[in-house]
Each structure stands twice: as structure tokens, then as C-alpha cells.
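Undergrad: Following this line is coords_39.cif, made up of mmCIF, C-alpha atoms:
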```cif
data_coords
loop_
_atom_site.label_atom_id
_atom_site.label_comp_id
_atom_site.auth_asym_id
_atom_site.auth_seq_id
_atom_site.Cartn_x
_atom_site.Cartn_y
_atom_site.Cartn_z
CA MET G 1 39.31 61.52 63.75
CA THR G 2 40.88 62.00 67.13
CA SER G 3 39.11 64.40 69.43
CA THR G 4 41.06 67.27 70.87
CA ASN G 5 38.54 68.01 73.61
CA PRO G 6 39.81 67.56 77.17
CA THR G 7 38.70 64.44 78.94
CA VAL G 8 35.89 64.96 81.42
CA ASP G 9 36.25 63.54 84.90
CA PRO G 10 33.28 61.25 85.78
CA ALA G 11 32.96 63.05 89.08
CA GLY G 12 32.22 66.20 87.16
CA GLY G 13 35.46 68.20 87.34
CA ALA G 14 37.81 69.02 84.54
CA ALA G 15 40.10 66.19 83.67
CA ALA G 16 43.86 66.38 84.20
CA PRO G 17 45.96 66.72 81.06
CA PRO G 18 47.22 63.47 79.58
CA ALA G 19 50.30 62.10 81.29
CA GLY G 20 53.48 62.36 79.30
CA PRO G 21 57.17 63.15 79.58
CA ARG G 22 57.83 66.51 81.21
CA PRO G 23 60.06 69.00 79.39
CA ALA G 24 63.64 69.25 80.63
CA ARG G 25 64.09 71.85 83.35
CA ARG G 26 65.98 74.91 82.15
CA PRO G 27 68.91 76.15 84.21
CA SER G 28 67.92 78.93 86.52
CA SER G 29 68.30 82.44 85.19
CA ARG G 30 70.34 83.34 88.28
CA ALA G 31 72.99 80.72 87.57
CA ALA G 32 73.16 81.79 83.93
CA GLU G 33 73.57 85.42 84.97
CA THR G 34 76.38 84.47 87.37
CA ARG G 35 78.19 82.52 84.65
CA ARG G 36 77.81 85.39 82.23
CA LYS G 37 79.33 87.82 84.74
CA TRP G 38 82.27 85.49 85.34
CA TYR G 39 82.84 85.18 81.59
CA GLU G 40 82.87 88.99 81.33
CA ILE G 41 85.29 89.31 84.26
CA ILE G 42 87.65 86.72 82.82
CA GLY G 43 87.50 88.25 79.36
CA LEU G 44 88.17 91.78 80.60
CA THR G 45 90.89 90.93 83.13
CA THR G 46 92.83 88.32 81.18
CA PRO G 47 94.78 90.84 79.01
CA ALA G 48 95.67 92.90 82.10
CA VAL G 49 96.71 89.78 84.02
CA ILE G 50 98.93 88.65 81.13
CA VAL G 51 100.61 92.07 80.94
CA TYR G 52 101.04 92.16 84.74
CA VAL G 53 102.59 88.70 84.83
CA MET G 54 104.93 89.39 81.91
CA PHE G 55 106.12 92.85 82.93
CA VAL G 56 105.86 92.72 86.75
CA LEU G 57 105.89 89.22 88.22
CA VAL G 58 108.35 87.67 85.75
CA PRO G 59 110.93 90.51 86.09
CA MET G 60 110.52 90.33 89.87
CA GLY G 61 111.23 86.62 89.76
CA PHE G 62 114.36 87.15 87.65
CA ALA G 63 115.50 89.97 89.95
CA PHE G 64 115.24 87.71 92.99
CA TYR G 65 117.01 84.89 91.14
CA TYR G 66 119.94 87.06 90.04
CA SER G 67 120.19 88.61 93.52
CA LEU G 68 121.34 85.23 94.82
CA PHE G 69 124.49 85.37 92.66
CA ARG G 70 127.61 87.46 92.48
CA TRP G 71 127.11 88.34 88.84
CA ARG G 72 128.59 91.08 86.68
CA GLY G 73 126.22 90.69 83.76
CA VAL G 74 128.52 88.64 81.51
CA GLY G 75 127.52 85.06 80.84
CA PRO G 76 125.15 83.00 82.98
CA PRO G 77 125.31 83.54 86.73
CA THR G 78 127.36 80.77 88.34
CA ASP G 79 128.80 82.20 91.58
CA PHE G 80 125.94 81.44 93.97
CA VAL G 81 126.15 83.45 97.19
CA GLY G 82 122.67 83.03 98.61
CA PHE G 83 121.57 86.01 100.67
CA ASP G 84 125.05 87.50 101.01
CA ASN G 85 124.10 90.42 98.75
CA TYR G 86 121.27 91.34 101.10
CA VAL G 87 123.58 91.17 104.12
CA LEU G 88 126.16 93.34 102.34
CA ALA G 89 123.51 95.93 101.53
CA PHE G 90 122.51 96.39 105.16
CA GLN G 91 126.16 96.48 106.18
CA ASP G 92 126.96 99.28 103.73
CA PRO G 93 126.68 102.70 105.45
CA ILE G 94 125.91 104.34 102.08
CA PHE G 95 122.84 102.14 101.65
CA LEU G 96 121.77 102.91 105.23
CA ASP G 97 122.13 106.61 104.42
CA ALA G 98 119.99 106.10 101.32
CA LEU G 99 117.38 104.30 103.42
CA ARG G 100 117.43 107.19 105.92
CA ASN G 101 117.06 109.73 103.12
CA ASN G 102 114.02 107.88 101.79
CA GLY G 103 112.51 108.02 105.28
CA ILE G 104 113.17 111.77 105.46
CA ILE G 105 111.51 112.27 102.08
CA VAL G 106 108.49 110.13 103.03
CA PHE G 107 107.76 111.89 106.32
CA GLY G 108 108.84 115.29 105.04
CA SER G 109 106.49 115.02 102.08
CA LEU G 110 103.57 114.03 104.29
CA LEU G 111 104.22 116.67 106.95
CA ILE G 112 105.04 119.55 104.57
CA GLN G 113 103.08 118.91 101.38
CA GLY G 114 99.91 117.86 103.22
CA PRO G 115 99.26 121.06 105.21
CA ILE G 116 100.36 123.30 102.33
CA ALA G 117 98.14 121.48 99.82
CA LEU G 118 95.18 121.42 102.20
CA GLY G 119 95.42 125.12 102.98
CA VAL G 120 95.79 126.13 99.32
CA ALA G 121 92.99 123.78 98.25
CA LEU G 122 90.60 125.26 100.83
CA LEU G 123 91.44 128.76 99.60
CA LEU G 124 91.14 127.86 95.92
CA ASN G 125 87.81 126.17 96.60
CA ARG G 126 86.25 129.54 97.39
CA ASN G 127 84.77 131.77 94.71
CA PHE G 128 86.97 134.70 93.77
CA ARG G 129 88.21 136.35 90.62
CA GLY G 130 91.16 134.61 88.97
CA ARG G 131 90.63 131.31 90.77
CA THR G 132 91.20 129.30 87.59
CA VAL G 133 94.53 131.03 86.95
CA PHE G 134 95.76 130.25 90.46
CA ARG G 135 94.69 126.61 90.09
CA LEU G 136 96.64 126.39 86.86
CA LEU G 137 99.74 127.95 88.40
CA ALA G 138 99.59 125.52 91.33
CA PHE G 139 99.47 122.53 88.97
CA VAL G 140 102.15 123.67 86.49
CA PRO G 141 105.19 122.28 88.42
CA TYR G 142 103.62 118.82 88.53
CA VAL G 143 103.18 118.55 84.76
CA LEU G 144 106.80 119.52 84.11
CA ALA G 145 109.07 116.57 83.33
CA GLU G 146 111.24 115.41 86.22
CA VAL G 147 114.39 115.83 84.14
CA THR G 148 113.43 119.41 83.30
CA VAL G 149 112.79 120.19 86.97
CA GLY G 150 116.10 118.64 88.00
CA ILE G 151 118.16 120.58 85.45
CA MET G 152 116.33 123.83 86.25
CA TRP G 153 116.91 123.62 90.00
CA LYS G 154 120.48 122.41 89.55
CA LEU G 155 121.24 125.59 87.61
CA LEU G 156 119.38 127.79 90.08
CA LEU G 157 121.07 126.31 93.16
CA SER G 158 124.62 126.00 91.89
CA ASP G 159 127.34 127.99 93.65
CA ALA G 160 127.16 130.72 90.99
CA GLY G 161 123.46 130.20 90.36
CA THR G 162 120.54 132.57 90.44
CA VAL G 163 119.55 131.91 94.06
CA ASN G 164 122.94 132.80 95.53
CA ALA G 165 123.33 135.78 93.18
CA PHE G 166 119.90 137.08 94.19
CA MET G 167 120.76 136.81 97.90
CA GLN G 168 124.02 138.65 97.39
CA SER G 169 122.25 141.41 95.49
CA LEU G 170 119.93 141.88 98.49
CA GLY G 171 122.85 142.07 100.89
CA MET G 172 122.17 138.64 102.38
CA GLY G 173 125.51 137.11 101.50
CA GLY G 174 125.55 135.30 104.82
CA LEU G 175 122.72 133.08 103.58
CA VAL G 176 124.62 131.93 100.50
CA GLN G 177 125.07 128.18 100.70
CA ALA G 178 126.40 125.28 98.66
CA TRP G 179 122.84 124.00 98.40
CA LEU G 180 123.69 120.83 96.48
CA ALA G 181 127.22 120.22 97.78
CA ASP G 182 126.83 120.60 101.54
CA LEU G 183 126.55 117.08 102.98
CA ASP G 184 124.28 118.23 105.81
CA LEU G 185 122.08 120.52 103.71
CA VAL G 186 121.60 118.70 100.42
CA ILE G 187 118.82 116.32 101.52
CA TRP G 188 116.73 119.24 102.79
CA THR G 189 117.34 121.10 99.53
CA LEU G 190 116.13 118.06 97.61
CA LEU G 191 113.09 117.82 99.89
CA PHE G 192 112.24 121.45 99.04
CA ILE G 193 112.52 120.69 95.31
CA LEU G 194 110.31 117.61 95.64
CA THR G 195 107.75 119.62 97.60
CA TRP G 196 107.70 122.31 94.91
CA LYS G 197 107.33 119.66 92.22
CA TYR G 198 104.59 117.48 93.70
CA VAL G 199 102.51 119.73 95.94
CA GLY G 200 100.42 120.69 92.90
CA PHE G 201 99.24 117.10 92.53
CA ALA G 202 98.07 117.08 96.13
CA ILE G 203 96.25 120.39 95.62
CA ILE G 204 94.38 119.16 92.54
CA LEU G 205 93.50 115.87 94.25
CA LEU G 206 92.13 117.68 97.29
CA LEU G 207 90.20 120.11 95.10
CA ALA G 208 88.57 117.13 93.41
CA GLY G 209 87.61 115.80 96.83
CA LEU G 210 86.25 119.18 97.91
CA SER G 211 84.01 119.26 94.84
CA ASN G 212 82.23 116.18 96.22
CA VAL G 213 81.44 117.80 99.58
CA PRO G 214 77.74 118.79 99.52
CA GLN G 215 77.36 122.55 99.71
CA GLU G 216 74.14 122.08 101.66
CA LEU G 217 76.11 120.84 104.67
CA ASN G 218 78.23 123.99 104.75
CA GLU G 219 75.12 126.12 104.45
CA ALA G 220 73.43 124.21 107.27
CA ALA G 221 76.48 124.68 109.46
CA ALA G 222 76.51 128.41 108.70
CA ILE G 223 72.81 128.65 109.62
CA ASP G 224 73.61 126.95 112.95
CA GLY G 225 76.15 129.69 113.63
CA ALA G 226 79.38 127.90 112.73
CA GLY G 227 82.20 130.06 111.41
CA TRP G 228 84.29 129.28 108.33
CA TRP G 229 87.04 127.50 110.27
CA GLN G 230 84.53 125.52 112.37
CA THR G 231 82.76 124.44 109.19
CA GLN G 232 86.01 123.27 107.61
CA ARG G 233 87.09 121.45 110.75
CA HIS G 234 83.85 119.65 111.60
CA VAL G 235 82.24 119.25 108.18
CA THR G 236 84.69 119.54 105.30
CA LEU G 237 87.77 117.78 106.69
CA PRO G 238 85.93 114.63 107.89
CA LEU G 239 84.31 114.26 104.45
CA LEU G 240 87.68 114.91 102.82
CA GLY G 241 89.31 112.14 104.86
CA PRO G 242 89.23 109.43 102.14
CA THR G 243 90.85 111.75 99.60
CA ILE G 244 93.56 112.75 102.09
CA ARG G 245 94.33 109.10 102.84
CA ILE G 246 94.55 108.24 99.14
CA TRP G 247 97.00 111.11 98.63
CA MET G 248 99.05 109.96 101.62
CA PHE G 249 99.27 106.48 100.13
CA LEU G 250 100.39 107.75 96.71
CA SER G 251 102.86 110.18 98.27
CA MET G 252 104.38 107.50 100.48
CA ILE G 253 104.91 104.99 97.65
CA GLY G 254 106.24 107.70 95.33
CA SER G 255 108.68 108.93 97.99
CA LEU G 256 110.04 105.43 98.53
CA GLN G 257 110.67 105.00 94.80
CA VAL G 258 111.76 108.56 93.93
CA PHE G 259 114.58 108.61 91.40
CA ASP G 260 114.41 111.08 88.50
CA VAL G 261 114.56 114.41 90.31
CA ILE G 262 117.19 113.17 92.78
CA TRP G 263 119.36 111.66 90.05
CA VAL G 264 119.38 114.76 87.85
CA THR G 265 119.67 117.36 90.60
CA SER G 266 122.19 115.81 92.97
CA VAL G 267 125.95 116.01 92.49
CA PRO G 268 127.41 112.53 91.75
CA ALA G 269 130.27 112.97 94.24
CA VAL G 270 127.86 113.97 97.00
CA ARG G 271 125.49 111.15 96.07
CA SER G 272 128.30 108.59 96.22
CA LEU G 273 128.89 109.60 99.83
CA GLY G 274 125.25 108.89 100.67
CA ALA G 275 124.23 112.47 101.49
CA SER G 276 121.77 112.71 98.58
CA ALA G 277 121.35 109.03 97.70
CA THR G 278 118.05 107.18 97.77
CA MET G 279 117.48 103.46 97.44
CA ALA G 280 116.66 103.87 93.73
CA THR G 281 119.78 105.93 92.95
CA TYR G 282 121.91 103.57 95.05
CA MET G 283 120.55 100.64 93.06
CA VAL G 284 121.44 102.26 89.72
CA ASP G 285 124.89 103.38 90.90
CA ASN G 286 125.83 99.92 92.15
CA GLY G 287 123.88 97.74 89.76
CA PHE G 288 124.28 99.53 86.44
CA PHE G 289 127.39 101.70 86.61
CA ALA G 290 129.44 99.46 88.91
CA ARG G 291 128.18 96.41 86.97
CA LEU G 292 127.36 94.54 90.16
CA TRP G 293 124.16 93.15 88.70
CA GLY G 294 123.52 90.61 91.43
CA TYR G 295 123.99 93.20 94.16
CA GLY G 296 121.86 95.73 92.29
CA ASN G 297 119.05 93.19 91.96
CA ALA G 298 119.25 92.53 95.70
CA VAL G 299 118.78 96.26 96.35
CA ALA G 300 115.83 96.26 93.93
CA VAL G 301 114.21 93.39 95.83
CA ILE G 302 114.75 95.21 99.13
CA LEU G 303 113.14 98.34 97.69
CA PHE G 304 110.18 96.32 96.44
CA ALA G 305 109.79 94.53 99.78
CA ILE G 306 109.81 97.81 101.75
CA SER G 307 107.29 99.40 99.37
CA PHE G 308 105.07 96.31 99.46
CA VAL G 309 105.06 96.06 103.25
CA ALA G 310 104.39 99.79 103.59
CA ALA G 311 101.50 99.56 101.11
CA VAL G 312 99.96 96.55 102.87
CA LEU G 313 100.22 98.14 106.31
CA PHE G 314 98.81 101.45 105.09
CA GLN G 315 95.89 99.68 103.41
CA ARG G 316 95.31 97.47 106.45
CA PHE G 317 95.19 100.24 109.04
CA LEU G 318 94.21 103.42 107.14
CA LEU G 319 92.54 102.53 103.85
CA ARG G 320 90.54 99.55 105.06
CA ARG G 321 87.55 101.62 106.18
CA ASP G 322 87.41 103.51 102.88
CA ILE G 323 87.69 100.32 100.80
CA GLU G 324 85.06 98.48 102.82
CA GLY G 325 82.76 101.49 102.60
CA ALA G 326 83.10 101.55 98.82
CA ILE G 327 82.12 97.88 98.42
CA THR G 328 78.42 97.20 98.14
CA ARG G 329 76.92 93.75 98.10
CA LYS G 330 73.81 92.80 96.22
CA ALA G 331 70.96 91.92 98.52
CA ASN G 332 69.79 88.33 98.38
#
```
Using C-alpha cells, write down the structure that the file contains.
TA:
Amino acid sequence: MTSTNPTVDPAGGAAAPPAGPRPARRPSSRAAETRRKWYEIIGLTTPAVIVYVMFVLVPMGFAFYYSLFRWRGVGPPTDFVGFDNYVLAFQDPIFLDALRNNGIIVFGSLLIQGPIALGVALLLNRNFRGRTVFRLLAFVPYVLAEVTVGIMWKLLLSDAGTVNAFMQSLGMGGLVQAWLADLDLVIWTLLFILTWKYVGFAIILLLAGLSNVPQELNEAAAIDGAGWWQTQRHVTLPLLGPTIRIWMFLSMIGSLQVFDVIWVTSVPAVRSLGASATMATYMVDNGFFARLWGYGNAVAVILFAISFVAAVLFQRFLLRRDIEGAITRKAN
């Protein structure tokens, strides 16, 4: 019978275990955890990547391809013109007017909606009776469909509409205007409509940001003798900075791509002259209705390029600090 007792060292110490093949070393738990995380990332992002490629990158590739042809949508494109469609776009004064109008809407939205939304959000963030009702009323225009808003304001601002009739009833007939037909006034009228429509989104977004401002900081500032305005300026607004920058980014991209409200509200004859056109409406007018599909795709590529460059620059110079602050790295 073989003994199972350990061998005794002649020198008196405990003997070493019998020599034999060592078990295979298991992969480190850290490497296994890393692989598991990568499997999860791939599994969760693959469906989104497939959808993005199919419905964003592939259509963009086709748009760029067709923009290199003079094509009217019938049969395969054969009349290759290179970048002539892009040159024609920047030589067309109507497209330049549309580009200018988009710039007016971008800067007008930032300079008008921002202060209005910030002031209303600061007021609605205070405790008073009926605050919920006022918040709801501020958000109602944003949830209305763009087509509904366009039709409503087109009826209100027509020559025989409610706005002009109301001014005449008050004896202010001198202020009656062709709000949607005056070539010099129409873009500012549309900017007012866009402000009315989208300022509610900015208010709700800023209210969400204000809810994350610690109340203890405001109380500490009040104890130190700071007034309400000093507290908002030196405590609330700096902490609200990331939310304001996110809203600015969304407002800028939305203003560059605005279509629905402009298309429904504006008069086609005025839009064809460039007074109320934007790059998106210009693209539809020339690509879809005029059946200049190659030219329309060139305008679509230009619109995408401008939006992409604006987004990259905004993220590089304004959102970089917020994004880097939100990223945390695991300590080694």
C-alpha cells in the first residue's frame, strides 16, 4: 500500500511536494474582463452601426455620386459634369440668399431665443403658485407639429388675417404689413415664428439644467450677502454653462437644416425669389420640383458639409471642455 504521508527531509524540515507537471496557467481575470466588455460593446453597437450605415452613410454616398452628374431622375446618370453643380450653386444668387437666410436664422435664434429662454427659466425655477401651468404653456408651442404651426401663422399673418385686422381695430392701421409677402420683412417674420415655436424647448432644457444646481450653493451665497441677481450671475449661470452650450449646439444644427415651418408658412413666389428660402427649401425646389436631381443632390451635400463643419468646430472649441469633463478613466 502506498503511503500518502509527506516525505520527510533528512535535515529535519518538511519535504517539498513531489515534482510533477504544473497546471496550465489560467488567463488573467483582467484580460477576460476586457474581452467581455468588448463583446458587450460590439453586440450593443452593431445594430446601431448597421442602421447608421444603411440609412446615413449609404444615402450620403449616393447623394455625392449623383451630384457629379446632370441627371433628371430618368434612367441611369450618364452626363458626368464633375463639380459643375457645386459651382453653379454658389453662382446662383437665390442659393446665396438662402445661405444668408440660414445665417440670419442661426444667429437670430441664438441671440433672441437664448436670453428669452434663460430669463423665463430663471423665473419659472422659483417657487410660486401656478408655476406648473406656466411651464406647460411655455412648452406647448414646441410640441405642436411644424405643419400645424406653419398653417396657423400663415392664416394669422395673411393680408386679411387676424393680426392685421386686430391692428386696424386698435387704430394702428399704419402698422399693417404684408408680413409674408414683403421681400425685406418676410425673413424677420419667419424668425419670429421660429422663435415662438422653439423657445419652449430651450426653456425646458434650461429648467432641467437648473434642477441640477445645488440649492446649498445659492443659500451659501445668500448668507454671504449676495443678492438674487449676484447669485444667478456668479453661481447659477457658470453651473448652467454646459446646458447652455448643448442648447446652442442643437439650435445651430436645427437652424441650418430648418425646413418644415419655412416651407409651409412662406409664399412660394416669395420663396422662389430667395427672400424666404433656406438651403433645405432651395434643395427641394430645385431637386424635386424642378427635377434637377443631380443639382439637388449637390445642394444636399453642401448643406451636409456646412452642418458637419459647424458641428465639428462647435465641439472642438465650445463643447470640448464639457465632453472631457464627462469622461472618467478607471484608475490603474
Undergrad: With all atoms listed in the file counted and 8 Å as the cut-off, give the residues of region 56-168 of chain G in contact with region 203-209 of chain G, each with its shortest interatomic distance in Å and the pair that gives it, as a Markdown table.
TA:
```
| residue | atom | partner | partner_atom | distance |
| --- | --- | --- | --- | --- |
| G:Ala117 | CA | G:Ile203 | CA | 4.7 |
| G:Leu118 | CA | G:Ile203 | CA | 6.7 |
| G:Val120 | CA | G:Ile203 | CA | 6.8 |
| G:Ala121 | CA | G:Ile203 | CA | 5.4 |
| G:Leu122 | CA | G:Leu207 | CA | 7.7 |
| G:Leu124 | CA | G:Leu207 | CA | 7.8 |
| G:Asn125 | CA | G:Leu207 | CA | 6.7 |
| G:Arg135 | CA | G:Ile204 | CA | 7.8 |
| G:Ala138 | CA | G:Ile203 | CA | 7.5 |
| G:Phe139 | CA | G:Ile204 | CA | 7.1 |
```
Undergrad: For the PyMOL selection byres ((chain G and resi 148) around 12), applied here, can you spell out every residue it catches as a list in words?
TA: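 So the PyMOL selection byres ((chain G and resi 148) around 12) ends up selecting Pro141, Tyr142, Val143, Leu144, Ala145, Glu146, Val147, Val149, Gly150, Ile151, Met152, Trp153, Lys154, Leu155, Lys197, Asp260, Val261, Ile262, Trp263, Val264 and Thr265 of chain G.
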Undergrad: Which residues are close to region 269-282 of chain G, i.e. within 7 Å by only C-alpha atoms, leaving aside same-chain residues fewer than 5 positions away? Reply as a list in words.
TA: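 Once the nearby chain positions are removed, what remains is Ile94, Phe95, Asp97, Ala98, Leu99, Asn101, Asn102, Ala181, Leu183, Val186, Ile187, Gln257, Val258, Phe259, Trp263 and Leu303 of chain G.
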Undergrad: Just checking: using all atoms listed in the file, which residue out of G:Thr243, G:Ser266, G:Asn164, G:Gln232 ends up closest to Asp182 (chain G)?
TA: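 For Asp182 (chain G), the nearest of the candidates is G:Ser266.
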Undergrad: Evaluate the PyMOL selection byres ((chain G and resi 191) around 10) and record the selected residues as a list in words, following the chain and residue labels used in the document.
TA: Asn101, Ile104, Ile105, Val106, Gly108, Ser109, Ile112, Val186, Ile187, Trp188, Thr189, Leu190, Phe192, Ile193, Leu194, Thr195, Trp196, Lys197 and Ile262 of chain G
Undergrad: Keeping C-alpha atoms, export the residues of the selection given above as an mmCIF file, in the coordinates of the input.
TA:
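So part05.cif came out as:
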```cif
data_model
loop_
_atom_site.group_PDB
_atom_site.id
_atom_site.type_symbol
_atom_site.label_atom_id
_atom_site.label_comp_id
_atom_site.auth_asym_id
_atom_site.auth_seq_id
_atom_site.Cartn_x
_atom_site.Cartn_y
_atom_site.Cartn_z
ATOM 1 C CA ASN G 101 117.060 109.730 103.120
ATOM 2 C CA ILE G 104 113.170 111.770 105.460
ATOM 3 C CA ILE G 105 111.510 112.270 102.080
ATOM 4 C CA VAL G 106 108.490 110.130 103.030
ATOM 5 C CA GLY G 108 108.840 115.290 105.040
ATOM 6 C CA SER G 109 106.490 115.020 102.080
ATOM 7 C CA ILE G 112 105.040 119.550 104.570
ATOM 8 C CA VAL G 186 121.600 118.700 100.420
ATOM 9 C CA ILE G 187 118.820 116.320 101.520
ATOM 10 C CA TRP G 188 116.730 119.240 102.790
ATOM 11 C CA THR G 189 117.340 121.100 99.530
ATOM 12 C CA LEU G 190 116.130 118.060 97.610
ATOM 13 C CA PHE G 192 112.240 121.450 99.040
ATOM 14 C CA ILE G 193 112.520 120.690 95.310
ATOM 15 C CA LEU G 194 110.310 117.610 95.640
ATOM 16 C CA THR G 195 107.750 119.620 97.600
ATOM 17 C CA TRP G 196 107.700 122.310 94.910
ATOM 18 C CA LYS G 197 107.330 119.660 92.220
ATOM 19 C CA ILE G 262 117.190 113.170 92.780
#
```
Undergrad: Go ahead and compute the interatomic distance for CA of Thr78 (chain G) and CA of Asp92 (chain G), in Å to one decimal.
TA: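 Calculated distance between CA of Thr78 (chain G) and CA of Asp92 (chain G) is 24.1 Å.
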